[in-house]
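J.: Sharing my_file03.pdb below, PDB, C-alpha atoms:
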ATOM      1  CA  MET A   1      90.432  95.187  97.965
ATOM      2  CA  ALA A   2      91.695  93.901 101.285
ATOM      3  CA  ASP A   3      90.112  90.491 100.716
ATOM      4  CA  THR A   4      91.897  90.127  97.376
ATOM      5  CA  LEU A   5      95.213  91.246  98.870
ATOM      6  CA  TRP A   6      94.896  88.719 101.655
ATOM      7  CA  GLU A   7      93.998  86.010  99.175
ATOM      8  CA  GLY A   8      97.307  86.705  97.422
ATOM      9  CA  ILE A   9      99.231  86.792 100.706
ATOM     10  CA  PHE A  10      97.807  83.437 101.746
ATOM     11  CA  CYS A  11      98.571  81.849  98.369
ATOM     12  CA  ARG A  12     102.122  83.143  98.575
ATOM     13  CA  ALA A  13     102.575  81.818 102.098
ATOM     14  CA  THR A  14     101.235  78.359 101.229
ATOM     15  CA  GLY A  15     103.063  78.067  97.911
ATOM     16  CA  ASP A  16      99.911  78.129  95.763
ATOM     17  CA  LYS A  17     101.453  79.606  92.598
ATOM     18  CA  GLU A  18      98.309  79.277  90.489
ATOM     19  CA  GLY A  19      96.189  80.886  93.182
ATOM     20  CA  LEU A  20      98.726  83.687  93.509
ATOM     21  CA  LYS A  21      98.539  84.447  89.780
ATOM     22  CA  LYS A  22      94.731  84.616  89.946
ATOM     23  CA  ALA A  23      94.819  86.854  93.027
ATOM     24  CA  LYS A  24      97.283  89.233  91.332
ATOM     25  CA  ALA A  25      95.117  89.394  88.212
ATOM     26  CA  LYS A  26      91.996  90.063  90.293
ATOM     27  CA  LEU A  27      93.685  92.811  92.289
ATOM     28  CA  ASN A  28      95.121  94.457  89.171
ATOM     29  CA  THR A  29      91.650  94.450  87.599
ATOM     30  CA  ARG A  30      90.115  96.086  90.658
ATOM     31  CA  VAL A  31      92.854  98.702  90.853
ATOM     32  CA  GLN A  32      92.470  99.525  87.153
ATOM     33  CA  THR A  33      88.698  99.809  87.533
ATOM     34  CA  LEU A  34      89.160 102.276  90.386
ATOM     35  CA  ARG A  35      91.756 104.274  88.441
ATOM     36  CA  THR A  36      89.435 104.474  85.413
ATOM     37  CA  TYR A  37      86.559 105.640  87.627
ATOM     38  CA  CYS A  38      88.759 108.363  89.113
ATOM     39  CA  ASP A  39      89.945 109.501  85.661
ATOM     40  CA  ASP A  40      86.398 109.592  84.292
ATOM     41  CA  ASN A  41      85.125 111.664  87.215
ATOM     42  CA  GLY A  42      87.997 114.110  87.579
ATOM     43  CA  LEU A  43      89.256 112.501  90.781
ATOM     44  CA  LYS A  44      92.838 111.802  91.818
ATOM     45  CA  TYR A  45      93.610 108.151  92.398
ATOM     46  CA  LYS A  46      95.380 107.653  95.749
ATOM     47  CA  PRO A  47      97.038 104.226  96.010
ATOM     48  CA  ASP A  48      97.532 104.563  99.770
ATOM     49  CA  ARG A  49      93.728 104.490 100.191
ATOM     50  CA  THR A  50      93.649 100.920  98.829
ATOM     51  CA  ALA A  51      96.583  99.625 100.876
ATOM     52  CA  VAL A  52      96.255  97.518 103.993
ATOM     53  CA  VAL A  53      98.489  99.190 106.569
ATOM     54  CA  ASN A  54     100.166  96.948 109.187
ATOM     55  CA  TYR A  55      98.403  93.947 107.688
ATOM     56  CA  LYS A  56     100.126  91.413 109.962
ATOM     57  CA  LYS A  57      98.550  93.093 112.979
ATOM     58  CA  SER A  58      95.151  93.127 111.251
ATOM     59  CA  MET A  59      95.207  89.543 110.027
ATOM     60  CA  ALA A  60      92.188  88.366 112.029
ATOM     61  CA  GLY A  61      89.995  90.965 110.352
ATOM     62  CA  PHE A  62      90.566  89.768 106.807
ATOM     63  CA  VAL A  63      91.536  86.078 106.805
ATOM     64  CA  PRO A  64      89.153  83.202 107.616
ATOM     65  CA  ALA A  65      89.949  81.218 110.775
ATOM     66  CA  ASP A  66      91.170  78.121 108.909
ATOM     67  CA  LYS A  67      93.606  80.179 106.846
ATOM     68  CA  ARG A  68      94.814  82.119 109.896
ATOM     69  CA  LYS A  69      95.761  78.807 111.481
ATOM     70  CA  LYS A  70      97.717  77.758 108.387
ATOM     71  CA  ILE A  71      99.528  81.094 108.141
ATOM     72  CA  ALA A  72     100.390  80.989 111.847
ATOM     73  CA  GLU A  73     101.948  77.582 111.270
ATOM     74  CA  ILE A  74     104.027  78.949 108.386
ATOM     75  CA  GLN A  75     105.170  81.906 110.476
ATOM     76  CA  ARG A  76     106.284  79.598 113.307
ATOM     77  CA  LYS A  77     108.547  77.857 110.810
ATOM     78  CA  GLY A  78     110.325  81.135 110.212
ATOM     79  CA  LEU A  79     108.929  82.156 106.828
ATOM     80  CA  ASP A  80     107.829  85.670 106.007
ATOM     81  CA  ILE A  81     104.561  86.346 104.164
ATOM     82  CA  SER A  82     105.136  89.994 103.365
ATOM     83  CA  GLY A  83     105.220  89.189  99.677
ATOM     84  CA  GLY A  84     108.566  90.574  98.694
ATOM     85  CA  SER A  85     107.493  94.177  99.046
ATOM     86  CA  GLY A  86     111.042  95.342  98.604
ATOM     87  CA  ILE A  87     110.630  97.986 101.249
ATOM     88  CA  ILE A  88     113.833  98.701 103.136
ATOM     89  CA  LYS A  89     112.727  98.075 106.687
ATOM     90  CA  VAL A  90     112.664  95.082 109.000
ATOM     91  CA  THR A  91     109.515  93.211 107.988
ATOM     92  CA  HIS A  92     110.053  89.908 109.794
ATOM     93  CA  LYS A  93     111.306  91.072 113.182
ATOM     94  CA  ALA A  94     111.094  94.613 114.421
ATOM     95  CA  SER A  95     114.346  96.119 115.647
ATOM     96  CA  ALA A  96     114.579  98.571 118.514
ATOM     97  CA  SER A  97     117.610 100.053 116.770
ATOM     98  CA  GLN A  98     115.615 101.132 113.726
ATOM     99  CA  LYS A  99     114.207 104.598 114.260
ATOM    100  CA  PRO A 100     113.472 107.466 111.848
ATOM    101  CA  PRO A 101     115.769 110.494 112.019
ATOM    102  CA  ASP A 102     114.796 113.877 113.397
ATOM    103  CA  PHE A 103     114.129 115.494 110.027
ATOM    104  CA  SER A 104     113.870 118.937 111.602
ATOM    105  CA  ARG A 105     117.650 118.879 112.065
ATOM    106  CA  TYR A 106     118.249 118.894 108.319
ATOM    107  CA  ALA A 107     117.871 121.759 105.866
ATOM    108  CA  VAL A 108     115.721 121.132 102.794
ATOM    109  CA  PRO A 109     116.677 123.394  99.853
ATOM    110  CA  ASP A 110     114.248 124.063  97.008
ATOM    111  CA  ASP A 111     115.254 123.385  93.405
ATOM    112  CA  MET A 112     112.238 122.206  91.419
ATOM    113  CA  ALA A 113     114.011 122.815  88.099
ATOM    114  CA  ALA A 114     116.552 120.140  89.035
ATOM    115  CA  VAL A 115     113.737 117.762  90.022
ATOM    116  CA  MET A 116     112.075 118.225  86.627
ATOM    117  CA  ASN A 117     115.374 117.571  84.863
ATOM    118  CA  VAL A 118     115.736 114.264  86.701
ATOM    119  CA  LYS A 119     112.157 113.362  85.838
ATOM    120  CA  GLN A 120     112.815 113.961  82.149
ATOM    121  CA  SER A 121     115.948 111.834  82.351
ATOM    122  CA  LEU A 122     114.028 108.965  83.965
ATOM    123  CA  MET A 123     111.235 109.200  81.406
ATOM    124  CA  GLN A 124     113.699 109.028  78.540
ATOM    125  CA  SER A 125     115.880 106.265  79.989
ATOM    126  CA  PHE A 126     113.021 103.979  81.029
ATOM    127  CA  ASP A 127     110.521 104.892  78.307
ATOM    128  CA  LEU A 128     108.015 106.132  80.895
ATOM    129  CA  ALA A 129     105.182 108.565  80.233
ATOM    130  CA  GLU A 130     104.644 111.854  82.074
ATOM    131  CA  GLY A 131     101.991 110.277  84.276
ATOM    132  CA  ASP A 132     104.194 107.305  85.160
ATOM    133  CA  ILE A 133     106.369 109.413  87.441
ATOM    134  CA  ASP A 134     104.837 111.339  90.338
ATOM    135  CA  LEU A 135     107.459 113.261  92.320
ATOM    136  CA  GLN A 136     105.013 115.240  94.426
ATOM    137  CA  GLY A 137     106.713 116.388  97.612
ATOM    138  CA  ILE A 138     110.259 116.137  96.221
ATOM    139  CA  ARG A 139     111.704 119.670  96.560
ATOM    140  CA  ASN A 140     115.280 119.204  95.322
ATOM    141  CA  ALA A 141     117.451 116.714  93.444
ATOM    142  CA  GLU A 142     120.438 116.336  95.771
ATOM    143  CA  THR A 143     119.348 112.769  96.542
ATOM    144  CA  LEU A 144     117.130 112.125  93.551
ATOM    145  CA  GLU A 145     119.770 112.860  90.897
ATOM    146  CA  PRO A 146     122.517 110.443  92.068
ATOM    147  CA  PHE A 147     119.869 107.825  92.900
ATOM    148  CA  ALA A 148     118.312 108.130  89.428
ATOM    149  CA  SER A 149     121.765 107.962  87.812
ATOM    150  CA  GLN A 150     122.333 104.643  89.539
ATOM    151  CA  LEU A 151     118.941 103.335  88.401
ATOM    152  CA  ILE A 152     119.834 104.217  84.821
ATOM    153  CA  ARG A 153     123.196 102.483  85.150
ATOM    154  CA  ILE A 154     121.521  99.311  86.457
ATOM    155  CA  GLN A 155     119.038  99.424  83.588
ATOM    156  CA  LYS A 156     121.843  99.603  81.034
ATOM    157  CA  GLU A 157     123.681  96.683  82.647
ATOM    158  CA  THR A 158     120.702  94.397  83.270
ATOM    159  CA  GLY A 159     117.986  95.471  80.822
ATOM    160  CA  MET A 160     115.450  95.740  83.636
ATOM    161  CA  LYS A 161     112.105  97.466  83.100
ATOM    162  CA  MET A 162     111.192 100.229  85.501
ATOM    163  CA  PRO A 163     107.685 100.367  87.005
ATOM    164  CA  LYS A 164     105.886 103.611  87.742
ATOM    165  CA  ILE A 165     107.735 105.819  90.232
ATOM    166  CA  ILE A 166     105.706 107.417  93.010
ATOM    167  CA  ALA A 167     106.917 109.789  95.720
ATOM    168  CA  THR A 168     104.916 110.036  98.919
ATOM    169  CA  ASP A 169     105.542 111.589 102.310
ATOM    170  CA  VAL A 170     105.215 108.351 104.290
ATOM    171  CA  ILE A 171     104.949 104.883 102.745
ATOM    172  CA  ASP A 172     102.182 102.748 104.264
ATOM    173  CA  GLY A 173     102.259 104.813 107.439
ATOM    174  CA  ASP A 174     105.777 103.591 108.282
ATOM    175  CA  LEU A 175     108.179 106.393 109.249
ATOM    176  CA  CYS A 176     111.144 104.022 108.818
ATOM    177  CA  CYS A 177     110.280 103.170 105.213
ATOM    178  CA  ILE A 178     112.696 104.752 102.729
ATOM    179  CA  ALA A 179     111.661 103.111  99.461
ATOM    180  CA  GLY A 180     110.018  99.983  98.140
ATOM    181  CA  TYR A 181     108.573  98.091  95.204
ATOM    182  CA  LYS A 182     105.000  96.789  95.346
ATOM    183  CA  PRO A 183     104.691  94.040  92.727
ATOM    184  CA  MET A 184     100.900  93.835  92.832
ATOM    185  CA  GLU A 185     100.713  97.530  91.900
ATOM    186  CA  ASN A 186     103.874  97.457  89.762
ATOM    187  CA  ARG A 187     104.915 100.693  91.439
ATOM    188  CA  PHE A 188     108.154 101.825  93.008
ATOM    189  CA  TYR A 189     107.665 104.163  95.970
ATOM    190  CA  ILE A 190     110.147 106.603  97.484
ATOM    191  CA  SER A 191     109.672 108.631 100.659
ATOM    192  CA  SER A 192     109.945 112.361 100.021
ATOM    193  CA  ARG A 193     110.939 112.843 103.658
ATOM    194  CA  TYR A 194     114.155 110.920 103.127
ATOM    195  CA  PHE A 195     114.772 111.990  99.531
ATOM    196  CA  ASN A 196     114.525 115.701 100.371
ATOM    197  CA  SER A 197     117.669 115.504 102.486
ATOM    198  CA  LYS A 198     120.691 113.552 101.291
ATOM    199  CA  GLU A 199     122.348 114.112 104.650
ATOM    200  CA  ALA A 200     119.372 112.706 106.576
ATOM    201  CA  LEU A 201     119.151 109.672 104.303
ATOM    202  CA  LEU A 202     122.852 108.833 104.485
ATOM    203  CA  ASP A 203     122.958 109.396 108.250
ATOM    204  CA  THR A 204     120.041 106.979 108.612
ATOM    205  CA  LEU A 205     121.614 104.283 106.432
ATOM    206  CA  LYS A 206     124.909 104.589 108.299
ATOM    207  CA  GLU A 207     123.179 104.331 111.661
ATOM    208  CA  TRP A 208     121.083 101.309 110.712
ATOM    209  CA  SER A 209     124.030  99.485 109.144
ATOM    210  CA  SER A 210     126.241 100.184 112.183
ATOM    211  CA  LYS A 211     123.558  98.781 114.510
ATOM    212  CA  GLY A 212     122.982  95.618 112.483
ATOM    213  CA  VAL A 213     119.571  96.562 111.146
ATOM    214  CA  LEU A 214     120.918  96.550 107.567
ATOM    215  CA  PRO A 215     124.108  95.002 106.102
ATOM    216  CA  LYS A 216     127.330  96.837 106.862
ATOM    217  CA  GLN A 217     127.583  97.726 103.143
ATOM    218  CA  ALA A 218     124.262  99.596 103.217
ATOM    219  CA  LYS A 219     125.674 103.073 103.731
ATOM    220  CA  SER A 220     125.252 104.631 100.300
ATOM    221  CA  LEU A 221     122.697 105.699  97.723
ATOM    222  CA  ARG A 222     124.199 103.165  95.363
ATOM    223  CA  TYR A 223     123.410 100.352  97.772
ATOM    224  CA  LEU A 224     119.841 101.613  98.177
ATOM    225  CA  ALA A 225     119.383 101.651  94.392
ATOM    226  CA  GLU A 226     121.000  98.237  93.892
ATOM    227  CA  HIS A 227     118.874  96.671  96.617
ATOM    228  CA  GLU A 228     115.568  98.074  95.363
ATOM    229  CA  MET A 229     116.218  97.268  91.710
ATOM    230  CA  ALA A 230     117.111  93.708  92.716
ATOM    231  CA  HIS A 231     113.600  93.349  94.154
ATOM    232  CA  ILE A 232     112.151  94.413  90.826
ATOM    233  CA  ARG A 233     114.259  91.929  88.833
ATOM    234  CA  ILE A 234     113.802  88.901  91.100
ATOM    235  CA  PRO A 235     110.494  87.059  90.506
ATOM    236  CA  ASP A 236     108.708  86.266  93.773
ATOM    237  CA  GLU A 237     108.098  82.699  92.627
ATOM    238  CA  LEU A 238     111.849  82.097  92.355
ATOM    239  CA  LEU A 239     112.220  82.676  96.095
ATOM    240  CA  MET A 240     109.331  80.412  97.046
ATOM    241  CA  THR A 241     111.166  77.234  96.019
ATOM    242  CA  ASP A 242     112.885  74.769  98.317
ATOM    243  CA  GLY A 243     116.224  75.656  96.720
ATOM    244  CA  ALA A 244     115.928  79.333  97.630
ATOM    245  CA  LYS A 245     114.700  78.564 101.137
ATOM    246  CA  LYS A 246     117.647  76.209 101.705
ATOM    247  CA  ILE A 247     120.152  78.914 100.738
ATOM    248  CA  TRP A 248     118.351  81.406 102.959
ATOM    249  CA  LYS A 249     118.147  79.096 105.982
ATOM    250  CA  ASN A 250     121.843  78.198 105.736
ATOM    251  CA  ARG A 251     122.941  81.820 105.557
ATOM    252  CA  LYS A 252     125.030  83.615 108.119
ATOM    253  CA  LEU A 253     122.628  85.915 109.949
ATOM    254  CA  LEU A 254     124.487  89.218 110.037
ATOM    255  CA  ASN A 255     121.645  91.738 110.193
ATOM    256  CA  ASP A 256     117.956  92.012 111.035
ATOM    257  CA  ASN A 257     116.890  92.697 107.451
ATOM    258  CA  ASP A 258     118.015  89.253 106.297
ATOM    259  CA  GLN A 259     115.428  87.502 108.429
ATOM    260  CA  ASP A 260     113.169  88.077 105.412
ATOM    261  CA  ILE A 261     114.050  85.816 102.462
ATOM    262  CA  PHE A 262     113.130  88.501  99.912
ATOM    263  CA  GLU A 263     115.362  91.037 101.630
ATOM    264  CA  TYR A 264     118.195  88.519 101.931
ATOM    265  CA  PHE A 265     118.380  87.850  98.190
ATOM    266  CA  ALA A 266     118.074  91.574  97.361
ATOM    267  CA  ASP A 267     120.910  92.243  99.818
ATOM    268  CA  ALA A 268     122.975  89.507  98.165
ATOM    269  CA  VAL A 269     122.547  91.107  94.737
ATOM    270  CA  ALA A 270     123.391  94.592  96.026
ATOM    271  CA  ILE A 271     126.481  93.373  97.883
ATOM    272  CA  TYR A 272     127.668  91.328  94.906
ATOM    273  CA  ARG A 273     127.178  94.100  92.355
ATOM    274  CA  MET A 274     129.127  96.495  94.572
ATOM    275  CA  ASN A 275     131.897  93.911  94.967
ATOM    276  CA  PRO A 276     131.866  91.185  92.274
ATOM    277  CA  ASN A 277     135.087  89.779  93.764
ATOM    278  CA  SER A 278     133.360  88.872  97.016
ATOM    279  CA  ASN A 279     134.453  85.500  98.401
ATOM    280  CA  ASP A 280     131.466  85.161 100.722
ATOM    281  CA  SER A 281     130.161  81.652  99.936
ATOM    282  CA  ASN A 282     126.616  82.569 101.010
ATOM    283  CA  ILE A 283     126.507  85.504  98.611
ATOM    284  CA  ILE A 284     127.961  83.415  95.777
ATOM    285  CA  LYS A 285     125.369  80.646  96.293
ATOM    286  CA  ALA A 286     122.547  83.180  96.227
ATOM    287  CA  ILE A 287     123.857  84.847  93.068
ATOM    288  CA  ASP A 288     124.391  81.516  91.277
ATOM    289  CA  TYR A 289     120.869  80.447  92.202
ATOM    290  CA  LEU A 290     119.359  83.655  90.806
ATOM    291  CA  ARG A 291     121.384  83.422  87.596
ATOM    292  CA  ASN A 292     120.293  79.825  87.093
ATOM    293  CA  GLY A 293     116.733  81.055  87.542
ATOM    294  CA  GLY A 294     117.139  83.551  84.708
ATOM    295  CA  VAL A 295     117.806  86.716  86.717
ATOM    296  CA  THR A 296     120.304  89.130  85.186
ATOM    297  CA  VAL A 297     122.502  90.075  88.094
TER
END
Please re-express this file's structure in C-alpha cells.

T.:
Amino acid sequence: MADTLWEGIFCRATGDKEGLKKAKAKLNTRVQTLRTYCDDNGLKYKPDRTAVVNYKKSMAGFVPADKRKKIAEIQRKGLDISGGSGIIKVTHKASASQKPPDFSRYAVPDDMAAVMNVKQSLMQSFDLAEGDIDLQGIRNAETLEPFASQLIRIQKETGMKMPKIIATDVIDGDLCCIAGYKPMENRFYISSRYFNSKEALLDTLKEWSSKGVLPKQAKSLRYLAEHEMAHIRIPDELLMTDGAKKIWKNRKLLNDNDQDIFEYFADAVAIYRMNPNSNDSNIIKAIDYLRNGGVTV
C-alpha cells in the first residue's frame, strides 16, 4: 500500500486534484480488500500495519527519482506534503521543545464502566455502530468523557459527520502524537497513553503551548477537540488553492505548529470557536475563507 499512499502524497504536493481522487479511491479499495480478508479468516485488521511510519525520512524508498526531485522543490518553497493528517504534532519542522511526558509520574485509575458509557453516548450521537469505535487500551473516562462531550457539542453546532474512532497506544510510532484524523482511512485516532491520564494530557498541552510548539490557547481538552474536528470538516482541496496559501504565508508565525498549512487553518478554527469576538485579522481572514468555501465553522 505504500506505493498508493505515496502516489496520493505526490498528487497532493503537486496540486493534481484528479490524481489525488484516484489515489484515495485506490487506497480505500485496497484497505477494504484487506479488511474483508481479515474478517473472512477470523483475523484482526491492524491499520498500523499498513501505515508508512516516518514517511518523509523514507521518501527515497517509495518515490521515483523524478518525483522526488519535484517534491524536494515543493518542500524548498515551504509547503508541507503531510496531507492534512490532523495529528497534533509538529509535522513541518521538528521542535526540540516538544517531548512526551513521563507517564510513570501519573496515576491511571480503572473505570471501564465509565468508558463503555462514553462509547454508547458516542455511538448514539454520531450514529456509529459498535465496531466503529475501538477504545482498546482506554482504562477510564476522566479524559474521554469531557472530550467526547465537546465532540458532541461540535456535531450539534456544525452538523459534522464523525469517522470511526480508534484508540491505540502510540500513533504511527510517534510518542508526541496525541490524536489525529487520517482522511484516507476516514479514521480518528486517539492515543490511550495520553487519554488515560487527564493530568498528563493537560500538563503536556500547557507545556507545549508555553514553549511555542502549539498556540497559547492550546491548553485545554476543548481546544484539542475543536482543533481535531476542524481537520475533519475542512476539505484538503480547499487548502491547496492559491487563496489558502496566500492567507497562510501572510500569517503571523506564533508557534511551530502553524508552519503546516493544515494545522494553521485548524488552529484558526479552534481559536475562533473558543473566542468568536477575536479581532486577530489573520484568524478572521482564515475563517472567512473557510466559510466562503462551504465549511461550517

J.: Which value, in Å to one decimal, gives the distance between CA of Thr36 (chain A) and CA of Gly173 (chain A)?

T.: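 A separation of 25.5 Å between them.
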
J.: Considering only C-alpha atoms, return as an MDAnalysis selection string whatever protein or nucleic-acid residues lie within 6 Å of region 281-289 of chain A, sequence-local ones (same chain, fewer than 3 positions apart) excluded.

T.: chainID A and resid 251 268 292

J.: Pick the closest to Arg222 (chain A) from A:Ile171, A:Ile234, A:Ile154, A:Leu239: which is it, counting all atoms listed in the file?

T.: A:Ile154

J.: Return the single residue from A:Ala113, A:Ile165, A:Val213, A:Val295 that is closest to Ala129 (chain A), with distances computed using only C-alpha atoms.

T.: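 Closest to Ala129 (chain A), using only C-alpha atoms: A:Ile165.
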
J.: Go through A:Lys119, A:Arg291, A:Arg105, A:Lys161 and flag the residue nearest Ala148 (chain A), using only C-alpha atoms for the distances.

T.: A:Lys119

J.: Using only C-alpha atoms, which of the listed residues (A:Lys249, A:Val170, A:Gln32, A:Asp256) sits closest to Phe195 (chain A)?

T.: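 Looking only at the distances to Phe195 (chain A), the closest residue turns out to be A:Val170.
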
J.: Using only C-alpha atoms, can you tell me which of A:His231, A:Lys252, A:Arg139, A:Lys99 comes closest to Arg193 (chain A)?

T.: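 Among A:His231, A:Lys252, A:Arg139, A:Lys99, it is A:Arg139 that comes nearest to Arg193 (chain A).
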
J.: Considering all atoms listed in the file, state which residue in the set A:Met123, A:Leu135, A:Met160, A:Ala114 is at the smallest distance from Met229 (chain A).

T.: A:Met160

J.: So what do you get for CA of Met116 (chain A) versus CA of Ala230 (chain A), distance-wise?

T.: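 Taking CA of Met116 (chain A) and CA of Ala230 (chain A), their separation equals 25.8 Å.
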
J.: Figure out the distance between CA of Asn255 (chain A) and CA of Met162 (chain A), please, to one decimal in Å.

T.: 28.1 Å

J.: As a check of understanding, name the residues that the PyMOL selection byres ((chain A and resi 186) around 10) selects in the supplied structure, as a list in words.

T.: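 So the PyMOL selection byres ((chain A and resi 186) around 10) ends up selecting Asn28, Met162, Pro163, Lys164, Ile165, Tyr181, Lys182, Pro183, Met184, Glu185, Arg187, Phe188, Tyr189 and Ile232 of chain A.
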
J.: Excluding same-chain residues fewer than 3 positions from Asp102 (chain A), what lies within 12 Å of it counting all atoms listed in the file, as a PDB file with C-alpha atoms, keeping the file's coordinate frame?

T.:
ATOM      1  CA  LYS A  99     114.207 104.598 114.260  1.00  0.00           C
ATOM      2  CA  ARG A 105     117.650 118.879 112.065  1.00  0.00           C
ATOM      3  CA  TYR A 106     118.249 118.894 108.319  1.00  0.00           C
ATOM      4  CA  ALA A 107     117.871 121.759 105.866  1.00  0.00           C
ATOM      5  CA  LEU A 175     108.179 106.393 109.249  1.00  0.00           C
ATOM      6  CA  CYS A 176     111.144 104.022 108.818  1.00  0.00           C
ATOM      7  CA  ARG A 193     110.939 112.843 103.658  1.00  0.00           C
ATOM      8  CA  TYR A 194     114.155 110.920 103.127  1.00  0.00           C
ATOM      9  CA  SER A 197     117.669 115.504 102.486  1.00  0.00           C
ATOM     10  CA  GLU A 199     122.348 114.112 104.650  1.00  0.00           C
ATOM     11  CA  ALA A 200     119.372 112.706 106.576  1.00  0.00           C
ATOM     12  CA  LEU A 201     119.151 109.672 104.303  1.00  0.00           C
ATOM     13  CA  ASP A 203     122.958 109.396 108.250  1.00  0.00           C
ATOM     14  CA  THR A 204     120.041 106.979 108.612  1.00  0.00           C
TER      15      THR A 204
END

J.: May I have the residues within 12 Å of Asn275 (chain A) as a list in words, using all atoms listed in the file and disregarding those fewer than 4 positions away in the same chain?

T.: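 Returned residues: Gln217, Tyr223, Glu226, Ala268, Val269, Ala270, Ile271, Asn279, Asp280, Ile283 and Ile284 of chain A.
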
J.: The PyMOL selection byres ((chain A and resi 137) around 7) - which residues does that actually catch in the file I just gave you? List them as a PyMOL selection string.

T.: chain A and resi 135-136+138-139+167-169+192

J.: Given the PyMOL selection byres ((chain A and resi 141) around 8) and the file above, list the residues it selects as a list in words.

T.: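 Applied to this file, the PyMOL selection byres ((chain A and resi 141) around 8) returns Asp111, Met112, Ala114, Val115, Val118, Ile138, Arg139, Asn140, Glu142, Thr143, Leu144, Glu145 and Asn196 of chain A.
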
J.: Using only C-alpha atoms, collect all residues at a distance of at most 12 Å from (113.1, 77.3, 98.7) as written in the file, then present them as a PyMOL selection string.

T.: chain A and resi 13+15+79+236-250+261-262+265+286+289-290
